[in-house]
Amino acid sequence: MKRFAKSTCAALALAVSSIAFAADTPADALEWRYVPGISKPIEMAVVSGDPAADGPYVVRYRMPSGMKMNPQRFSDERQLTVIKGIFWISGGESFNWKDMDEFKQGAVILKEANKPYFGWARTAVILEERGTGPSRFEYVHEEDDPRNRRARIDN
């Protein structure tokens, strides 16, 4: 078993009962939006709670095949479930295909707080992420932040 997958096995047993209500929410019933700081064409929808407020939240991300997520750190521990498709992910500060592990529909991934992660959508994917707010994230490399690209264009 791959090293990254081992850390997710323990979370799977705990997560099965808690993911049922949100995993049943059809993607077309959610309000999908582009969010500042998240590269387009990735869209996000809030399933429950508010990531910016105190307390638990559940959000979903929808991204096309081939979409790359540059290394980011998150302020809170997060549980990521692959709702649709095949997603590759790894911990680390630099995008490296060799370090990534593949996760298919139904897989649950535990992401530690303040640890950098990067990912890639092998197919079109929908990911569900659970955490406790207020949630914040930062890109490991400032040039990867889409908000900084806009600032460079304006100058």
# chains A, B, ... in the order shown; residues from 1 in each chain; ligands from 1
>>> closest_atom_pairs(of="range 47-148 of chain A", to="range 25-43 of chain A", cutoff="8 Å", atoms="only C-alpha atoms", output="JSON lines")
{"residue": "A:Val47", "atom": "CA", "partner": "A:Leu30", "partner_atom": "CA", "distance": 7.2}
{"residue": "A:Tyr61", "atom": "CA", "partner": "A:Glu43", "partner_atom": "CA", "distance": 5.6}
{"residue": "A:Arg62", "atom": "CA", "partner": "A:Glu43", "partner_atom": "CA", "distance": 5.2}
{"residue": "A:Met63", "atom": "CA", "partner": "A:Ile42", "partner_atom": "CA", "distance": 4.7}
{"residue": "A:Pro64", "atom": "CA", "partner": "A:Pro41", "partner_atom": "CA", "distance": 7.5}
{"residue": "A:Met69", "atom": "CA", "partner": "A:Ser39", "partner_atom": "CA", "distance": 7.9}
{"residue": "A:Asp145", "atom": "CA", "partner": "A:Gly37", "partner_atom": "CA", "distance": 6.2}
{"residue": "A:Pro146", "atom": "CA", "partner": "A:Gly37", "partner_atom": "CA", "distance": 5.6}
{"residue": "A:Arg147", "atom": "CA", "partner": "A:Gly37", "partner_atom": "CA", "distance": 5.6}
>>> residues_around(residues="Leu127 in chain A", least_positions_apart="2", cutoff="6 Å", atoms="only C-alpha atoms", output="PDB file with N, CA and C atoms, in the first residue's frame")
ATOM      1  N   ARG A  60     -17.614  21.681  -1.811  1.00  0.00           N
ATOM      2  CA  ARG A  60     -17.234  20.817  -2.928  1.00  0.00           C
ATOM      3  C   ARG A  60     -16.480  21.642  -3.957  1.00  0.00           C
ATOM      4  N   TYR A  61     -15.554  20.977  -4.619  1.00  0.00           N
ATOM      5  CA  TYR A  61     -14.802  21.569  -5.717  1.00  0.00           C
ATOM      6  C   TYR A  61     -15.084  20.757  -6.966  1.00  0.00           C
ATOM      7  N   THR A  81     -12.923  13.931   0.191  1.00  0.00           N
ATOM      8  CA  THR A  81     -13.539  12.730  -0.361  1.00  0.00           C
ATOM      9  C   THR A  81     -13.692  12.915  -1.868  1.00  0.00           C
ATOM     10  N   VAL A  82     -13.279  11.923  -2.630  1.00  0.00           N
ATOM     11  CA  VAL A  82     -13.445  11.965  -4.083  1.00  0.00           C
ATOM     12  C   VAL A  82     -14.869  11.504  -4.387  1.00  0.00           C
ATOM     13  N   ILE A  83     -15.715  12.435  -4.791  1.00  0.00           N
ATOM     14  CA  ILE A  83     -17.120  12.143  -5.089  1.00  0.00           C
ATOM     15  C   ILE A  83     -17.245  11.578  -6.512  1.00  0.00           C
TER      16      ILE A  83
END
>>> residues_around(residues="Gly133 in chain A", least_positions_apart="5", cutoff="10 Å", atoms="only C-alpha atoms", output="ChimeraX atom specification")
/A:49-57,75-77
>>> write_last_selection(atoms="C-alpha atoms", output="PDB file, in the first residue's frame")
ATOM      1  CA  GLY A  49     -21.699  25.645   7.195  1.00  0.00           C
ATOM      2  CA  ASP A  50     -19.476  28.579   6.314  1.00  0.00           C
ATOM      3  CA  PRO A  51     -15.720  28.124   5.785  1.00  0.00           C
ATOM      4  CA  ALA A  52     -15.137  31.740   6.881  1.00  0.00           C
ATOM      5  CA  ALA A  53     -17.001  31.345  10.201  1.00  0.00           C
ATOM      6  CA  ASP A  54     -16.353  29.366  13.378  1.00  0.00           C
ATOM      7  CA  GLY A  55     -17.530  25.776  13.169  1.00  0.00           C
ATOM      8  CA  PRO A  56     -17.705  22.829  10.799  1.00  0.00           C
ATOM      9  CA  TYR A  57     -18.210  23.282   7.065  1.00  0.00           C
ATOM     10  CA  SER A  75      -5.052  26.464   8.509  1.00  0.00           C
ATOM     11  CA  ASP A  76      -7.288  23.568   9.510  1.00  0.00           C
ATOM     12  CA  GLU A  77      -7.188  19.790   9.163  1.00  0.00           C
TER      13      GLU A  77
END
>>> atom_distance(atom1="CA of Pro71 in chain A", atom2="CA of His141 in chain A")
7.4 Å
>>> residues_around(residues="Pro116 in chain A", least_positions_apart="2", cutoff="8 Å", atoms="only C-alpha atoms", output="PyMOL selection string")
chain A and resi 71-74+91-93+114+118+140
>>> write_last_selection(atoms="C-alpha atoms", output="PDB file, in the first residue's frame")
ATOM      1  CA  PRO A  71       1.029  23.493  -3.500  1.00  0.00           C
ATOM      2  CA  GLN A  72      -1.094  25.088  -0.767  1.00  0.00           C
ATOM      3  CA  ARG A  73      -1.189  25.080   3.049  1.00  0.00           C
ATOM      4  CA  PHE A  74      -4.436  25.104   5.020  1.00  0.00           C
ATOM      5  CA  GLY A  91       2.128  16.395   0.354  1.00  0.00           C
ATOM      6  CA  GLY A  92       5.043  18.652  -0.507  1.00  0.00           C
ATOM      7  CA  GLU A  93       6.158  22.133  -1.461  1.00  0.00           C
ATOM      8  CA  ASN A 114      -0.296  23.602   7.897  1.00  0.00           C
ATOM      9  CA  PHE A 118      -0.634  19.639  -4.397  1.00  0.00           C
ATOM     10  CA  VAL A 140       3.464  27.798  -0.947  1.00  0.00           C
TER      11      VAL A 140
END
>>> closest_residue(among="A:Asp144, A:Lys68, A:Glu129, A:Ala121", to="Val46 in chain A", atoms="only C-alpha atoms")
A:Glu129
>>> residues_around(residues="Gln105 in chain A", least_positions_apart="5", cutoff="12 Å", atoms="only C-alpha atoms", output="list in words")
Ala23, Leu80, Thr81, Val82, Ile83, Lys84, Gly85, Ile86, Phe87, Trp88, Ala121, Arg122, Thr123, Ala124, Val125, Ile126, Leu127 and Glu128 of chain A
>>> write_last_selection(atoms="N, CA and C atoms", output="compact mmCIF listing (two decimals), in the first residue's frame")
# COMPACT_ATOMS: atom_id res chain seq x y z
N ALA A 23 -22.66 13.50 0.72
CA ALA A 23 -22.33 12.77 -0.50
C ALA A 23 -23.57 12.50 -1.33
N LEU A 80 -10.84 15.10 2.71
CA LEU A 80 -11.19 15.24 1.31
C LEU A 80 -11.74 13.91 0.81
N THR A 81 -12.92 13.93 0.19
CA THR A 81 -13.54 12.73 -0.36
C THR A 81 -13.69 12.91 -1.87
N VAL A 82 -13.28 11.92 -2.63
CA VAL A 82 -13.44 11.96 -4.08
C VAL A 82 -14.87 11.50 -4.39
N ILE A 83 -15.72 12.43 -4.79
CA ILE A 83 -17.12 12.14 -5.09
C ILE A 83 -17.24 11.58 -6.51
N LYS A 84 -16.44 12.12 -7.44
CA LYS A 84 -16.50 11.69 -8.84
C LYS A 84 -15.10 11.79 -9.42
N GLY A 85 -14.72 10.82 -10.23
CA GLY A 85 -13.47 10.90 -10.98
C GLY A 85 -12.27 10.29 -10.29
N ILE A 86 -11.09 10.65 -10.82
CA ILE A 86 -9.82 10.16 -10.31
C ILE A 86 -8.94 11.37 -10.01
N PHE A 87 -8.47 11.45 -8.77
CA PHE A 87 -7.68 12.59 -8.30
C PHE A 87 -6.35 12.09 -7.78
N TRP A 88 -5.29 12.78 -8.14
CA TRP A 88 -3.95 12.47 -7.65
C TRP A 88 -3.54 13.58 -6.70
N ALA A 121 -6.19 16.62 -11.31
CA ALA A 121 -7.41 15.91 -11.71
C ALA A 121 -7.10 15.09 -12.97
N ARG A 122 -6.98 13.79 -12.79
CA ARG A 122 -6.70 12.93 -13.95
C ARG A 122 -7.90 12.90 -14.89
N THR A 123 -9.09 12.91 -14.29
CA THR A 123 -10.35 13.00 -15.03
C THR A 123 -11.09 14.22 -14.48
N ALA A 124 -12.24 14.53 -15.04
CA ALA A 124 -13.08 15.55 -14.41
C ALA A 124 -13.43 15.03 -13.02
N VAL A 125 -13.30 15.88 -12.00
CA VAL A 125 -13.54 15.42 -10.63
C VAL A 125 -14.45 16.36 -9.87
N ILE A 126 -15.09 15.78 -8.88
CA ILE A 126 -15.79 16.54 -7.84
C ILE A 126 -15.22 16.04 -6.53
N LEU A 127 -14.70 16.97 -5.73
CA LEU A 127 -14.12 16.66 -4.44
C LEU A 127 -14.97 17.30 -3.35
N GLU A 128 -15.14 16.60 -2.26
CA GLU A 128 -15.86 17.16 -1.11
C GLU A 128 -14.85 17.33 0.01
>>> select_by_dssp(residues="range 42-83 of chain A", states="strand (DSSP E)", output="PyMOL selection string")
chain A and resi 43-48+55-63+68-74+78-83
>>> select_by_dssp(residues="range 5-150 of chain A", states="helix (DSSP H, G or I)", output="JSON, numbers by chain")
{"A": [5, 6, 7, 8, 9, 10, 11, 12, 13, 14, 15, 16, 17, 18, 19, 20, 21, 22, 23, 27, 28, 29, 97, 98, 99, 142, 143, 144, 146, 147, 148, 149, 150]}
>>> closest_residue(among="A:Ile89, A:Arg149, A:Ser65, A:Gly131", to="Glu102 in chain A", atoms="only C-alpha atoms")
A:Ile89
>>> atom_distance(atom1="CA of Gly106 in chain A", atom2="CA of Val58 in chain A")
16.0 Å
>>> closest_residue(among="A:Arg78, A:Met44, A:Asn70, A:Tyr117", to="Ser135 in chain A", atoms="only C-alpha atoms")
A:Arg78
>>> decode(residues="range 21-55 of chain A", atoms="N, CA and C atoms", output="CSV table (one decimal), in the first residue's frame")
chain,number,residue,atom,x,y,z
A,21,PHE,N,-24.7,12.2,4.4
A,21,PHE,CA,-25.7,13.2,4.1
A,21,PHE,C,-25.2,14.1,3.0
A,22,ALA,N,-23.9,14.5,3.0
A,22,ALA,CA,-23.4,15.4,2.0
A,22,ALA,C,-23.1,14.7,0.7
A,23,ALA,N,-22.7,13.5,0.7
A,23,ALA,CA,-22.3,12.8,-0.5
A,23,ALA,C,-23.6,12.5,-1.3
A,24,ASP,N,-24.8,12.5,-0.7
A,24,ASP,CA,-26.0,12.3,-1.4
A,24,ASP,C,-26.5,13.5,-2.1
A,25,THR,N,-25.9,14.7,-1.9
A,25,THR,CA,-26.3,15.9,-2.5
A,25,THR,C,-25.9,15.9,-4.0
A,26,PRO,N,-26.8,16.0,-4.9
A,26,PRO,CA,-26.4,16.0,-6.3
A,26,PRO,C,-25.7,17.3,-6.7
A,27,ALA,N,-24.7,17.2,-7.5
A,27,ALA,CA,-23.9,18.3,-7.9
A,27,ALA,C,-24.7,19.4,-8.6
A,28,ASP,N,-25.8,19.0,-9.3
A,28,ASP,CA,-26.6,20.1,-10.0
A,28,ASP,C,-27.5,20.8,-9.0
A,29,ALA,N,-27.6,20.4,-7.8
A,29,ALA,CA,-28.5,21.0,-6.8
A,29,ALA,C,-27.7,22.1,-6.0
A,30,LEU,N,-26.4,22.2,-6.3
A,30,LEU,CA,-25.5,23.2,-5.5
A,30,LEU,C,-25.3,24.4,-6.4
A,31,GLU,N,-24.9,25.5,-5.7
A,31,GLU,CA,-24.6,26.8,-6.4
A,31,GLU,C,-23.1,26.9,-6.5
A,32,TRP,N,-22.7,26.6,-7.7
A,32,TRP,CA,-21.2,26.6,-8.0
A,32,TRP,C,-20.8,28.0,-8.4
A,33,ARG,N,-19.6,28.4,-7.9
A,33,ARG,CA,-19.0,29.7,-8.1
A,33,ARG,C,-17.5,29.6,-8.2
A,34,TYR,N,-17.0,30.6,-9.0
A,34,TYR,CA,-15.5,30.8,-9.0
A,34,TYR,C,-15.2,31.6,-7.7
A,35,VAL,N,-14.1,31.3,-7.0
A,35,VAL,CA,-13.7,31.9,-5.8
A,35,VAL,C,-12.4,32.5,-5.9
A,36,PRO,N,-12.2,33.8,-5.5
A,36,PRO,CA,-10.9,34.5,-5.6
A,36,PRO,C,-9.9,33.6,-4.8
A,37,GLY,N,-8.7,33.4,-5.4
A,37,GLY,CA,-7.7,32.7,-4.8
A,37,GLY,C,-7.6,31.2,-5.3
A,38,ILE,N,-8.7,30.8,-5.9
A,38,ILE,CA,-8.7,29.4,-6.4
A,38,ILE,C,-8.7,29.5,-8.0
A,39,SER,N,-7.7,28.9,-8.6
A,39,SER,CA,-7.5,29.0,-10.0
A,39,SER,C,-8.8,28.6,-10.8
A,40,LYS,N,-9.1,29.4,-11.8
A,40,LYS,CA,-10.2,29.0,-12.7
A,40,LYS,C,-9.7,28.0,-13.7
A,41,PRO,N,-10.4,27.0,-14.1
A,41,PRO,CA,-11.9,26.9,-14.0
A,41,PRO,C,-12.4,26.1,-12.8
A,42,ILE,N,-11.6,26.0,-11.7
A,42,ILE,CA,-12.1,25.3,-10.5
A,42,ILE,C,-13.3,26.1,-9.9
A,43,GLU,N,-14.4,25.4,-9.7
A,43,GLU,CA,-15.5,26.0,-9.0
A,43,GLU,C,-15.7,25.4,-7.7
A,44,MET,N,-16.3,26.2,-6.7
A,44,MET,CA,-16.6,25.7,-5.4
A,44,MET,C,-18.1,25.9,-5.1
A,45,ALA,N,-18.7,25.0,-4.3
A,45,ALA,CA,-20.0,25.1,-3.8
A,45,ALA,C,-20.0,24.8,-2.3
A,46,VAL,N,-20.7,25.6,-1.5
A,46,VAL,CA,-20.9,25.3,-0.1
A,46,VAL,C,-22.0,24.3,0.1
A,47,VAL,N,-21.7,23.2,0.7
A,47,VAL,CA,-22.8,22.2,1.0
A,47,VAL,C,-23.4,22.5,2.3
A,48,SER,N,-22.6,22.8,3.4
A,48,SER,CA,-23.1,23.2,4.7
A,48,SER,C,-22.1,24.0,5.4
A,49,GLY,N,-22.6,24.8,6.4
A,49,GLY,CA,-21.7,25.6,7.2
A,49,GLY,C,-21.1,26.8,6.4
A,50,ASP,N,-20.1,27.4,6.9
A,50,ASP,CA,-19.5,28.6,6.3
A,50,ASP,C,-18.0,28.5,6.6
A,51,PRO,N,-17.2,28.3,5.6
A,51,PRO,CA,-15.7,28.1,5.8
A,51,PRO,C,-15.1,29.3,6.4
A,52,ALA,N,-15.7,30.5,6.3
A,52,ALA,CA,-15.1,31.7,6.9
A,52,ALA,C,-15.6,32.0,8.3
A,53,ALA,N,-16.5,31.2,8.8
A,53,ALA,CA,-17.0,31.3,10.2
A,53,ALA,C,-16.5,30.2,11.1
A,54,ASP,N,-16.7,30.4,12.4
A,54,ASP,CA,-16.4,29.4,13.4
A,54,ASP,C,-17.3,28.2,13.2
A,55,GLY,N,-16.7,27.0,13.2
A,55,GLY,CA,-17.5,25.8,13.2
A,55,GLY,C,-17.3,24.9,11.9
